[in-house]
Amino acid sequence: MQLTTRHLLGIKDLQFSDIDLILSTATQFKEVLQRPIKKVPSLRDTTIVNLFYENSTRTRISFELAEKRLSADTLNFSASGSSVSKGETLLDTVNNILSMKVDMVVMRHSASGAPHFLAQHIPAAIINAGDGINEHPTQALLDAFSIREKCGTLEGKKVVLVGDIMHSRVALSNIYLLKKAGAEVMVAGPPTLIPKHISKAFDIRVEYDLVRALQWCDVANILRIQLERQNQVLFSSLREYNLAYGISRKVLDKVGREIVIMHPGPVNRGVEIDSDVADSKQSIILQQVENGVAVRMAVLYLLSDKSNLN
Amino acid sequence: MKVILDTYQLKIIIERLAYQLVENYTDLSTVALIGIQPRGIHLSDRIMAQLGKIRPGNPIRYGRLDITFYRDDIRQELHKPKQTDITFSLEDKNVILVDDVLFTGRTIRAGLDALLDFGRPKKVELCVLVNRRYSRQLPIQPDYCGKAIDSLKSQKVKVQWDPEQVILL
């Protein structure tokens, strides 16, 4: 029983069997998290560094908690306040950390491909916690886990990703995963935020009308507008975006049937989603966060296998 | 290949193990039967069914325990975790751990570790179908035993449930 990969760099490189193994292992870890003592000794011989070159709340806390629940030793590194500001390169920083006998690296970076670069140069297992606009594999895995938990299966389910598809690593990872799992995928949003050839490239649907998109789907994953990555004006104002593509109670009433609402966080209330929807029973946003710890425990546990080190 | 226990002998042993439990614990409501995944649960399922026949409405708590995350050999081989469903607290319970074959004792060691995460039991006892004597690597012995056998380290004991028999390879 093993993953076919030594690193988790993206969903793109995973087989469906890997995804299935991670999700079924996560189910058992979720049970562990319901126990009076929510901790197992599996990784007590493993040291993990969390290397965050970009801001994060959920992902970093979730990874750190997952590591601690597995009894691993953890180191936290964030670019601000480190020698990065003195001009140390990424590779030097990581090699210095690894020389202190660290086994795994969890890494977030604003440059797409940073973890892939690192994987070619260092022996430790690398887990991508988000790289630029490329991938955020653990988010896609926990989204899939949450959909499975809510709907029973991914196969044949209709999932729409709404919003900033262009700049969202969550979108890309989700598309790869959902396609591999046999779900039907649609992306919806303003034309300026949807890459031009995405429909052909991934064999997915594209819809520019929000209500029509929501009427089609079983699950709607609402993505955050990534203002920090947009270097040109792609829509006129946040208010206008909200009026056209924000998920509000009024829009959901037009859909007529109950769909599952997801959001990877952080939520911009009143922009891509309104409070009355985010806090409603339809939304599984907080379950996603809860499942994130179990899914990350599964990923860390499965990648900690040193027997496949060559 | 040698058959150690055939279907009929297995049936009698399971009946005996169930009666031994009833004999030892007059108040069965203090007892929790915990089958160890993946192979121990076949035995614990059957003991549980037998207890139901002996004591209709038998109040024993029953759970299944997966010990994958507590193994001491995860650096040699990763195992796929199975379901754990212990939906009650083990605090102050008389816990009977059930597994099919007792060999090195390492699975039971992991099982004891895992159990403690569900509360502090009053007492833990071990029930196994086959006890492979003189092969222990840890000081662990069964309290209830189907059959004790002497075997070589290189041999394998296989418990099959369809058809029900125990064989020595």
# chains A, B, ... in the order shown; residues from 1 in each chain; ligands from 1
$ residues_around --residues "B:Arg75" --least-positions-apart "2" --cutoff "10 Å" --atoms "only C-alpha atoms" --output "ChimeraX atom specification"
/A:42-43,45,304-307 /B:71-73,77-78
$ write_last_selection --atoms "N, CA and C atoms" --output "PDB file, in the first residue's frame"
ATOM      1  N   SER A  42       1.893   7.820  15.132  1.00  0.00           N
ATOM      2  CA  SER A  42       2.481   7.341  13.869  1.00  0.00           C
ATOM      3  C   SER A  42       3.773   8.036  13.449  1.00  0.00           C
ATOM      4  N   LEU A  43       3.832   9.358  13.528  1.00  0.00           N
ATOM      5  CA  LEU A  43       4.988  10.083  12.980  1.00  0.00           C
ATOM      6  C   LEU A  43       5.911  10.626  14.072  1.00  0.00           C
ATOM      7  N   ASP A  45       8.694   9.807  14.885  1.00  0.00           N
ATOM      8  CA  ASP A  45      10.102   9.860  14.503  1.00  0.00           C
ATOM      9  C   ASP A  45      10.346  10.807  13.331  1.00  0.00           C
ATOM     10  N   SER A 304       5.082   9.903   4.515  1.00  0.00           N
ATOM     11  CA  SER A 304       6.181   9.753   5.474  1.00  0.00           C
ATOM     12  C   SER A 304       6.908   8.432   5.264  1.00  0.00           C
ATOM     13  N   ASP A 305       6.342   7.579   4.418  1.00  0.00           N
ATOM     14  CA  ASP A 305       6.911   6.269   4.150  1.00  0.00           C
ATOM     15  C   ASP A 305       8.317   6.407   3.584  1.00  0.00           C
ATOM     16  N   LYS A 306       9.311   6.047   4.395  1.00  0.00           N
ATOM     17  CA  LYS A 306      10.684   6.233   3.926  1.00  0.00           C
ATOM     18  C   LYS A 306      11.198   5.012   3.171  1.00  0.00           C
ATOM     19  N   SER A 307      10.386   3.943   3.146  1.00  0.00           N
ATOM     20  CA  SER A 307      10.865   2.730   2.492  1.00  0.00           C
ATOM     21  C   SER A 307      11.010   2.922   0.986  1.00  0.00           C
TER      22      SER A 307
ATOM     23  N   ARG B  71       1.212   1.172  15.060  1.00  0.00           N
ATOM     24  CA  ARG B  71       2.189   0.112  14.797  1.00  0.00           C
ATOM     25  C   ARG B  71       3.611   0.610  15.006  1.00  0.00           C
ATOM     26  N   ASP B  72       4.517  -0.322  15.372  1.00  0.00           N
ATOM     27  CA  ASP B  72       5.910   0.102  15.547  1.00  0.00           C
ATOM     28  C   ASP B  72       6.732  -0.197  14.298  1.00  0.00           C
ATOM     29  N   ASP B  73       6.059  -0.680  13.241  1.00  0.00           N
ATOM     30  CA  ASP B  73       6.810  -1.027  12.032  1.00  0.00           C
ATOM     31  C   ASP B  73       6.393  -0.188  10.828  1.00  0.00           C
ATOM     32  N   GLU B  77       6.817  -0.836   6.575  1.00  0.00           N
ATOM     33  CA  GLU B  77       5.723  -1.023   5.618  1.00  0.00           C
ATOM     34  C   GLU B  77       4.502  -0.243   6.098  1.00  0.00           C
ATOM     35  N   LEU B  78       3.869   0.490   5.167  1.00  0.00           N
ATOM     36  CA  LEU B  78       2.628   1.179   5.531  1.00  0.00           C
ATOM     37  C   LEU B  78       1.453   0.244   5.306  1.00  0.00           C
TER      38      LEU B  78
END
$ interface_residues --of "chain B" --to "chain A" --cutoff "9 Å" --atoms "only C-alpha atoms" --output "MDAnalysis selection string"
chainID B and resid 66 68:72 74:85 89 114 116:119
$ write_last_selection --atoms "N, CA and C atoms" --output "compact mmCIF listing (two decimals), in the first residue's frame"
# COMPACT_ATOMS: atom_id res chain seq x y z
N ASP B 66 -8.89 -0.35 14.96
CA ASP B 66 -7.81 -0.44 13.97
C ASP B 66 -6.54 0.08 14.62
N THR B 68 -3.49 0.45 13.02
CA THR B 68 -2.50 0.87 12.01
C THR B 68 -1.63 2.04 12.47
N PHE B 69 -2.27 3.07 13.03
CA PHE B 69 -1.52 4.28 13.37
C PHE B 69 -0.64 4.10 14.60
N TYR B 70 -0.77 2.96 15.26
CA TYR B 70 0.00 2.71 16.49
C TYR B 70 1.09 1.66 16.29
N ARG B 71 1.21 1.17 15.06
CA ARG B 71 2.19 0.11 14.80
C ARG B 71 3.61 0.61 15.01
N ASP B 72 4.52 -0.32 15.37
CA ASP B 72 5.91 0.10 15.55
C ASP B 72 6.73 -0.20 14.30
N ILE B 74 5.85 1.03 11.08
CA ILE B 74 5.40 1.80 9.92
C ILE B 74 6.59 2.28 9.09
N ARG B 75 7.77 2.20 9.64
CA ARG B 75 8.93 2.56 8.83
C ARG B 75 9.36 1.42 7.92
N GLN B 76 8.81 0.23 8.16
CA GLN B 76 9.12 -0.88 7.26
C GLN B 76 8.05 -1.04 6.18
N GLU B 77 6.82 -0.84 6.57
CA GLU B 77 5.72 -1.02 5.62
C GLU B 77 4.50 -0.24 6.10
N LEU B 78 3.87 0.49 5.17
CA LEU B 78 2.63 1.18 5.53
C LEU B 78 1.45 0.24 5.31
N HIS B 79 0.52 0.26 6.23
CA HIS B 79 -0.68 -0.55 6.08
C HIS B 79 -1.86 0.36 5.84
N LYS B 80 -2.84 -0.16 5.14
CA LYS B 80 -4.04 0.64 4.89
C LYS B 80 -4.94 0.57 6.13
N PRO B 81 -5.28 1.73 6.68
CA PRO B 81 -6.12 1.70 7.89
C PRO B 81 -7.54 1.23 7.61
N LYS B 82 -8.10 0.49 8.57
CA LYS B 82 -9.49 0.06 8.48
C LYS B 82 -10.30 0.84 9.50
N GLN B 83 -11.59 0.58 9.50
CA GLN B 83 -12.48 1.36 10.33
C GLN B 83 -12.32 1.06 11.83
N THR B 84 -12.34 2.10 12.63
CA THR B 84 -12.45 1.95 14.07
C THR B 84 -13.84 2.42 14.45
N ASP B 85 -14.62 1.58 15.13
CA ASP B 85 -15.91 2.11 15.60
C ASP B 85 -16.14 1.73 17.06
N SER B 89 -17.29 5.11 25.70
CA SER B 89 -16.05 5.32 26.44
C SER B 89 -15.62 4.00 27.08
N ALA B 114 -3.54 1.90 21.58
CA ALA B 114 -4.71 2.50 20.94
C ALA B 114 -5.89 2.56 21.92
N LEU B 116 -5.98 2.92 25.08
CA LEU B 116 -5.88 3.93 26.13
C LEU B 116 -6.36 5.29 25.66
N ASP B 117 -6.43 5.48 24.32
CA ASP B 117 -6.93 6.75 23.79
C ASP B 117 -8.45 6.85 23.89
N PHE B 118 -9.09 5.77 24.34
CA PHE B 118 -10.55 5.80 24.47
C PHE B 118 -10.98 5.82 25.93
N GLY B 119 -10.05 6.09 26.82
CA GLY B 119 -10.39 6.10 28.24
C GLY B 119 -9.51 5.12 29.00
$ residues_around --residues "B:Glu164" --least-positions-apart "5" --cutoff "12 Å" --atoms "only C-alpha atoms" --output "list in words"
Val3, Ile4, Leu5, Asp6, Thr7, Tyr8, Gln9, Leu10, Lys11, Ile14, His42, Leu43, Arg46, Lys158 and Val159 of chain B
$ residues_around --residues "A:Leu14" --least-positions-apart "2" --cutoff "9 Å" --atoms "only C-alpha atoms" --output "PyMOL selection string"
chain A and resi 3-5+8+10-12+16-19+177
$ write_last_selection --atoms "C-alpha atoms" --output "JSON list (two decimals), in the first residue's frame"
[["chain", "number", "residue", "atom", "x", "y", "z"],
["A", 3, "LEU", "CA", 1.25, 6.28, -3.14],
["A", 4, "THR", "CA", 2.76, 6.29, -6.61],
["A", 5, "THR", "CA", 4.54, 9.53, -5.79],
["A", 8, "LEU", "CA", 2.56, 15.91, -3.31],
["A", 10, "GLY", "CA", -0.07, 18.76, -7.47],
["A", 11, "ILE", "CA", -3.15, 16.72, -8.28],
["A", 12, "LYS", "CA", -1.97, 16.66, -11.89],
["A", 16, "PHE", "CA", -6.94, 8.13, -9.16],
["A", 17, "SER", "CA", -5.81, 5.25, -6.93],
["A", 18, "ASP", "CA", -3.64, 7.74, -5.00],
["A", 19, "ILE", "CA", -6.57, 10.10, -4.52],
["A", 177, "LEU", "CA", -9.16, 16.07, -9.16]]
$ atom_distance --atom1 "atom CA of B:Thr104" --atom2 "atom CA of B:Ala148"
13.9 Å
$ select_by_dssp --residues "stretch 33-163 of chain B" --states "helix (DSSP H, G or I)" --output "list in words"
Gly40, Ile41, His42, Leu43, Ser44, Asp45, Arg46, Ile47, Met48, Ala49, Gln50, Leu51, Gly52, Lys53, Ile54, Thr68, Phe69, Tyr70, Arg106, Thr107, Ile108, Arg109, Ala110, Gly111, Leu112, Asp113, Ala114, Leu115 and Leu116 of chain B
$ select_by_dssp --residues "stretch 14-211 of chain A" --states "strand (DSSP E or B)" --output "PyMOL selection string"
chain A and resi 47-52+73-78+104-109+125-131+135+158-162+184-188+205-207
$ closest_atom_pairs --of "stretch 133-189 of chain A" --to "stretch 224-240 of chain A" --cutoff "9 Å" --atoms "only C-alpha atoms" --output "JSON lines"
{"residue": "A:Ile133", "atom": "CA", "partner": "A:Arg229", "partner_atom": "CA", "distance": 8.3}
{"residue": "A:Val162", "atom": "CA", "partner": "A:Arg224", "partner_atom": "CA", "distance": 8.9}
{"residue": "A:Gly163", "atom": "CA", "partner": "A:Ile225", "partner_atom": "CA", "distance": 6.7}
{"residue": "A:Asp164", "atom": "CA", "partner": "A:Ile225", "partner_atom": "CA", "distance": 5.4}
{"residue": "A:Ile165", "atom": "CA", "partner": "A:Ile225", "partner_atom": "CA", "distance": 8.9}
{"residue": "A:His167", "atom": "CA", "partner": "A:Gln226", "partner_atom": "CA", "distance": 6.5}
{"residue": "A:Ser168", "atom": "CA", "partner": "A:Gln226", "partner_atom": "CA", "distance": 7.3}
$ write_last_selection --atoms "N, CA and C atoms" --output "mmCIF file, in the first residue's frame"
data_model
loop_
_atom_site.group_PDB
_atom_site.id
_atom_site.type_symbol
_atom_site.label_atom_id
_atom_site.label_comp_id
_atom_site.auth_asym_id
_atom_site.auth_seq_id
_atom_site.Cartn_x
_atom_site.Cartn_y
_atom_site.Cartn_z
ATOM 1 N N ILE A 133 -0.213 30.635 -8.916
ATOM 2 C CA ILE A 133 -1.538 30.381 -9.485
ATOM 3 C C ILE A 133 -1.601 28.961 -10.043
ATOM 4 N N VAL A 162 -17.070 28.738 -9.102
ATOM 5 C CA VAL A 162 -17.548 30.077 -9.446
ATOM 6 C C VAL A 162 -16.513 31.132 -9.059
ATOM 7 N N GLY A 163 -16.211 32.043 -9.965
ATOM 8 C CA GLY A 163 -15.432 33.221 -9.589
ATOM 9 C C GLY A 163 -14.137 33.358 -10.345
ATOM 10 N N ASP A 164 -13.075 33.621 -9.583
ATOM 11 C CA ASP A 164 -11.776 33.961 -10.155
ATOM 12 C C ASP A 164 -11.013 32.694 -10.555
ATOM 13 N N ILE A 165 -11.405 32.114 -11.671
ATOM 14 C CA ILE A 165 -10.780 30.858 -12.107
ATOM 15 C C ILE A 165 -9.331 31.115 -12.544
ATOM 16 N N HIS A 167 -6.940 33.166 -11.518
ATOM 17 C CA HIS A 167 -5.864 33.303 -10.542
ATOM 18 C C HIS A 167 -5.941 32.285 -9.424
ATOM 19 N N SER A 168 -6.850 31.320 -9.568
ATOM 20 C CA SER A 168 -7.083 30.436 -8.426
ATOM 21 C C SER A 168 -6.382 29.096 -8.578
#
$ closest_residue --among "B:Ile86, B:Ile60, B:Met48, B:Leu138" --to "B:Val31" --atoms "only C-alpha atoms"
B:Ile60
$ atom_distance --atom1 "atom CA of B:Ile47" --atom2 "atom CA of B:Glu125"
14.8 Å
$ residues_around --residues "stretch 131-135 of chain B" --least-positions-apart "6" --cutoff "8 Å" --atoms "only C-alpha atoms" --output "PDB file with C-alpha atoms, in the first residue's frame"
ATOM      1  CA  VAL B 101      -3.513 -15.323  16.021  1.00  0.00           C
ATOM      2  CA  LEU B 102      -1.120 -14.301  18.799  1.00  0.00           C
ATOM      3  CA  PHE B 103       2.414 -14.480  17.445  1.00  0.00           C
ATOM      4  CA  THR B 104       5.042 -11.851  18.310  1.00  0.00           C
ATOM      5  CA  PRO B 142      -3.620 -14.548  26.340  1.00  0.00           C
ATOM      6  CA  CYS B 145      -7.202 -19.073  24.119  1.00  0.00           C
ATOM      7  CA  GLY B 146      -8.794 -21.273  21.457  1.00  0.00           C
ATOM      8  CA  LYS B 147      -5.823 -23.486  20.836  1.00  0.00           C
ATOM      9  CA  ALA B 148      -2.157 -23.265  21.710  1.00  0.00           C
ATOM     10  CA  ILE B 149       0.256 -24.579  19.133  1.00  0.00           C
ATOM     11  CA  ASP B 150       4.006 -24.951  18.812  1.00  0.00           C
ATOM     12  CA  SER B 151       5.233 -23.923  15.406  1.00  0.00           C
ATOM     13  CA  LYS B 153       9.008 -19.180  13.011  1.00  0.00           C
TER      14      LYS B 153
END
$ closest_residue --among "A:Pro115, A:Arg44, A:Arg108, A:Leu65" --to "A:Leu9" --atoms "only C-alpha atoms"
A:Pro115
$ residues_around --residues "stretch 96-98 of chain B" --least-positions-apart "2" --cutoff "10 Å" --atoms "only C-alpha atoms" --output "ChimeraX atom specification"
/B:21,31-37,39-45,47,62-65,93-94,100-102,108,111-112,115,123-129,142-144
$ write_last_selection --atoms "N, CA and C atoms" --output "mmCIF file, in the first residue's frame"
data_model
loop_
_atom_site.group_PDB
_atom_site.id
_atom_site.type_symbol
_atom_site.label_atom_id
_atom_site.label_comp_id
_atom_site.auth_asym_id
_atom_site.auth_seq_id
_atom_site.Cartn_x
_atom_site.Cartn_y
_atom_site.Cartn_z
ATOM 1 N N LEU B 21 -16.334 -16.275 28.924
ATOM 2 C CA LEU B 21 -16.582 -14.865 29.230
ATOM 3 C C LEU B 21 -17.771 -14.708 30.167
ATOM 4 N N VAL B 31 -18.650 -5.157 30.543
ATOM 5 C CA VAL B 31 -17.663 -5.704 29.608
ATOM 6 C C VAL B 31 -17.754 -5.033 28.244
ATOM 7 N N ALA B 32 -16.588 -4.762 27.655
ATOM 8 C CA ALA B 32 -16.542 -4.282 26.266
ATOM 9 C C ALA B 32 -15.677 -5.245 25.466
ATOM 10 N N LEU B 33 -16.255 -5.771 24.404
ATOM 11 C CA LEU B 33 -15.528 -6.682 23.530
ATOM 12 C C LEU B 33 -14.971 -5.862 22.367
ATOM 13 N N ILE B 34 -13.652 -5.906 22.171
ATOM 14 C CA ILE B 34 -13.041 -5.095 21.119
ATOM 15 C C ILE B 34 -12.282 -6.000 20.146
ATOM 16 N N GLY B 35 -12.763 -6.079 18.925
ATOM 17 C CA GLY B 35 -12.093 -6.873 17.893
ATOM 18 C C GLY B 35 -11.024 -6.042 17.209
ATOM 19 N N ILE B 36 -9.864 -6.652 16.963
ATOM 20 C CA ILE B 36 -8.781 -5.913 16.318
ATOM 21 C C ILE B 36 -8.853 -6.093 14.803
ATOM 22 N N GLN B 37 -8.856 -4.968 14.095
ATOM 23 C CA GLN B 37 -8.902 -4.980 12.628
ATOM 24 C C GLN B 37 -7.560 -5.429 12.068
ATOM 25 N N ARG B 39 -8.253 -8.736 11.044
ATOM 26 C CA ARG B 39 -8.624 -10.149 11.096
ATOM 27 C C ARG B 39 -9.313 -10.569 12.386
ATOM 28 N N GLY B 40 -9.072 -9.817 13.445
ATOM 29 C CA GLY B 40 -9.667 -10.208 14.722
ATOM 30 C C GLY B 40 -11.175 -10.062 14.753
ATOM 31 N N ILE B 41 -11.694 -9.193 13.900
ATOM 32 C CA ILE B 41 -13.133 -8.908 13.978
ATOM 33 C C ILE B 41 -13.999 -10.088 13.534
ATOM 34 N N HIS B 42 -13.432 -10.984 12.708
ATOM 35 C CA HIS B 42 -14.221 -12.152 12.306
ATOM 36 C C HIS B 42 -14.507 -13.036 13.520
ATOM 37 N N LEU B 43 -13.477 -13.165 14.374
ATOM 38 C CA LEU B 43 -13.655 -13.946 15.596
ATOM 39 C C LEU B 43 -14.578 -13.208 16.568
ATOM 40 N N SER B 44 -14.334 -11.898 16.738
ATOM 41 C CA SER B 44 -15.140 -11.154 17.720
ATOM 42 C C SER B 44 -16.607 -11.094 17.287
ATOM 43 N N ASP B 45 -16.855 -10.970 15.967
ATOM 44 C CA ASP B 45 -18.236 -11.001 15.461
ATOM 45 C C ASP B 45 -18.928 -12.292 15.878
ATOM 46 N N ILE B 47 -18.014 -14.449 18.326
ATOM 47 C CA ILE B 47 -18.167 -14.562 19.787
ATOM 48 C C ILE B 47 -19.372 -13.751 20.236
ATOM 49 N N TYR B 62 -19.792 -3.534 22.125
ATOM 50 C CA TYR B 62 -18.947 -4.147 21.107
ATOM 51 C C TYR B 62 -18.357 -3.093 20.178
ATOM 52 N N GLY B 63 -17.053 -3.172 19.946
ATOM 53 C CA GLY B 63 -16.411 -2.223 19.044
ATOM 54 C C GLY B 63 -15.311 -2.890 18.242
ATOM 55 N N ARG B 64 -14.882 -2.186 17.198
ATOM 56 C CA ARG B 64 -13.769 -2.675 16.384
ATOM 57 C C ARG B 64 -12.659 -1.626 16.430
ATOM 58 N N LEU B 65 -11.441 -2.121 16.523
ATOM 59 C CA LEU B 65 -10.316 -1.212 16.704
ATOM 60 C C LEU B 65 -9.278 -1.438 15.602
ATOM 61 N N LYS B 93 -14.297 0.149 32.083
ATOM 62 C CA LYS B 93 -14.866 -1.076 31.507
ATOM 63 C C LYS B 93 -13.863 -2.243 31.626
ATOM 64 N N ASN B 94 -14.401 -3.458 31.635
ATOM 65 C CA ASN B 94 -13.549 -4.637 31.493
ATOM 66 C C ASN B 94 -13.430 -4.925 30.005
ATOM 67 N N ASP B 100 -7.115 -12.918 16.048
ATOM 68 C CA ASP B 100 -7.168 -14.322 15.612
ATOM 69 C C ASP B 100 -5.926 -15.121 16.032
ATOM 70 N N VAL B 101 -4.732 -14.585 15.694
ATOM 71 C CA VAL B 101 -3.513 -15.323 16.021
ATOM 72 C C VAL B 101 -2.587 -14.461 16.879
ATOM 73 N N LEU B 102 -2.111 -15.002 17.983
ATOM 74 C CA LEU B 102 -1.120 -14.301 18.799
ATOM 75 C C LEU B 102 0.251 -14.870 18.456
ATOM 76 N N ILE B 108 -0.768 -6.694 19.608
ATOM 77 C CA ILE B 108 -1.482 -6.474 20.866
ATOM 78 C C ILE B 108 -0.884 -5.271 21.602
ATOM 79 N N GLY B 111 -2.349 -2.443 20.054
ATOM 80 C CA GLY B 111 -3.750 -2.408 20.460
ATOM 81 C C GLY B 111 -3.931 -1.810 21.847
ATOM 82 N N LEU B 112 -3.034 -2.154 22.760
ATOM 83 C CA LEU B 112 -3.111 -1.609 24.123
ATOM 84 C C LEU B 112 -2.910 -0.098 24.102
ATOM 85 N N LEU B 115 -6.065 1.486 22.697
ATOM 86 C CA LEU B 115 -7.185 1.408 23.645
ATOM 87 C C LEU B 115 -7.184 2.576 24.623
ATOM 88 N N LYS B 123 -9.821 -2.976 33.383
ATOM 89 C CA LYS B 123 -8.993 -4.156 33.177
ATOM 90 C C LYS B 123 -9.000 -4.502 31.688
ATOM 91 N N VAL B 124 -7.892 -4.992 31.200
ATOM 92 C CA VAL B 124 -7.863 -5.436 29.801
ATOM 93 C C VAL B 124 -7.445 -6.900 29.758
ATOM 94 N N GLU B 125 -8.222 -7.713 29.059
ATOM 95 C CA GLU B 125 -7.863 -9.116 28.883
ATOM 96 C C GLU B 125 -7.728 -9.420 27.400
ATOM 97 N N LEU B 126 -7.032 -10.503 27.117
ATOM 98 C CA LEU B 126 -6.770 -10.848 25.722
ATOM 99 C C LEU B 126 -7.369 -12.209 25.381
ATOM 100 N N CYS B 127 -8.091 -12.224 24.274
ATOM 101 C CA CYS B 127 -8.708 -13.457 23.799
ATOM 102 C C CYS B 127 -8.225 -13.726 22.380
ATOM 103 N N VAL B 128 -7.592 -14.889 22.171
ATOM 104 C CA VAL B 128 -7.129 -15.220 20.815
ATOM 105 C C VAL B 128 -7.592 -16.620 20.424
ATOM 106 N N LEU B 129 -7.698 -16.818 19.122
ATOM 107 C CA LEU B 129 -8.107 -18.130 18.626
ATOM 108 C C LEU B 129 -6.923 -19.094 18.658
ATOM 109 N N PRO B 142 -2.156 -14.604 26.419
ATOM 110 C CA PRO B 142 -3.620 -14.548 26.340
ATOM 111 C C PRO B 142 -4.300 -14.993 27.633
ATOM 112 N N ASP B 143 -5.502 -14.453 27.894
ATOM 113 C CA ASP B 143 -6.311 -14.896 29.019
ATOM 114 C C ASP B 143 -7.321 -15.944 28.581
ATOM 115 N N TYR B 144 -7.756 -15.829 27.322
ATOM 116 C CA TYR B 144 -8.669 -16.818 26.747
ATOM 117 C C TYR B 144 -8.030 -17.273 25.444
#
$ atom_distance --atom1 "atom CA of A:Gly87" --atom2 "atom CA of A:Leu118"
17.6 Å
$ closest_residue --among "A:Ala114, A:Ala125, A:Val211, A:Ala181" --to "A:Ala244" --atoms "only C-alpha atoms"
A:Val211
$ residues_around --residues "B:Arg55" --least-positions-apart "6" --cutoff "12 Å" --atoms "only C-alpha atoms" --output "PyMOL selection string"
chain B and resi 18-19+21-23+26-29+47-49
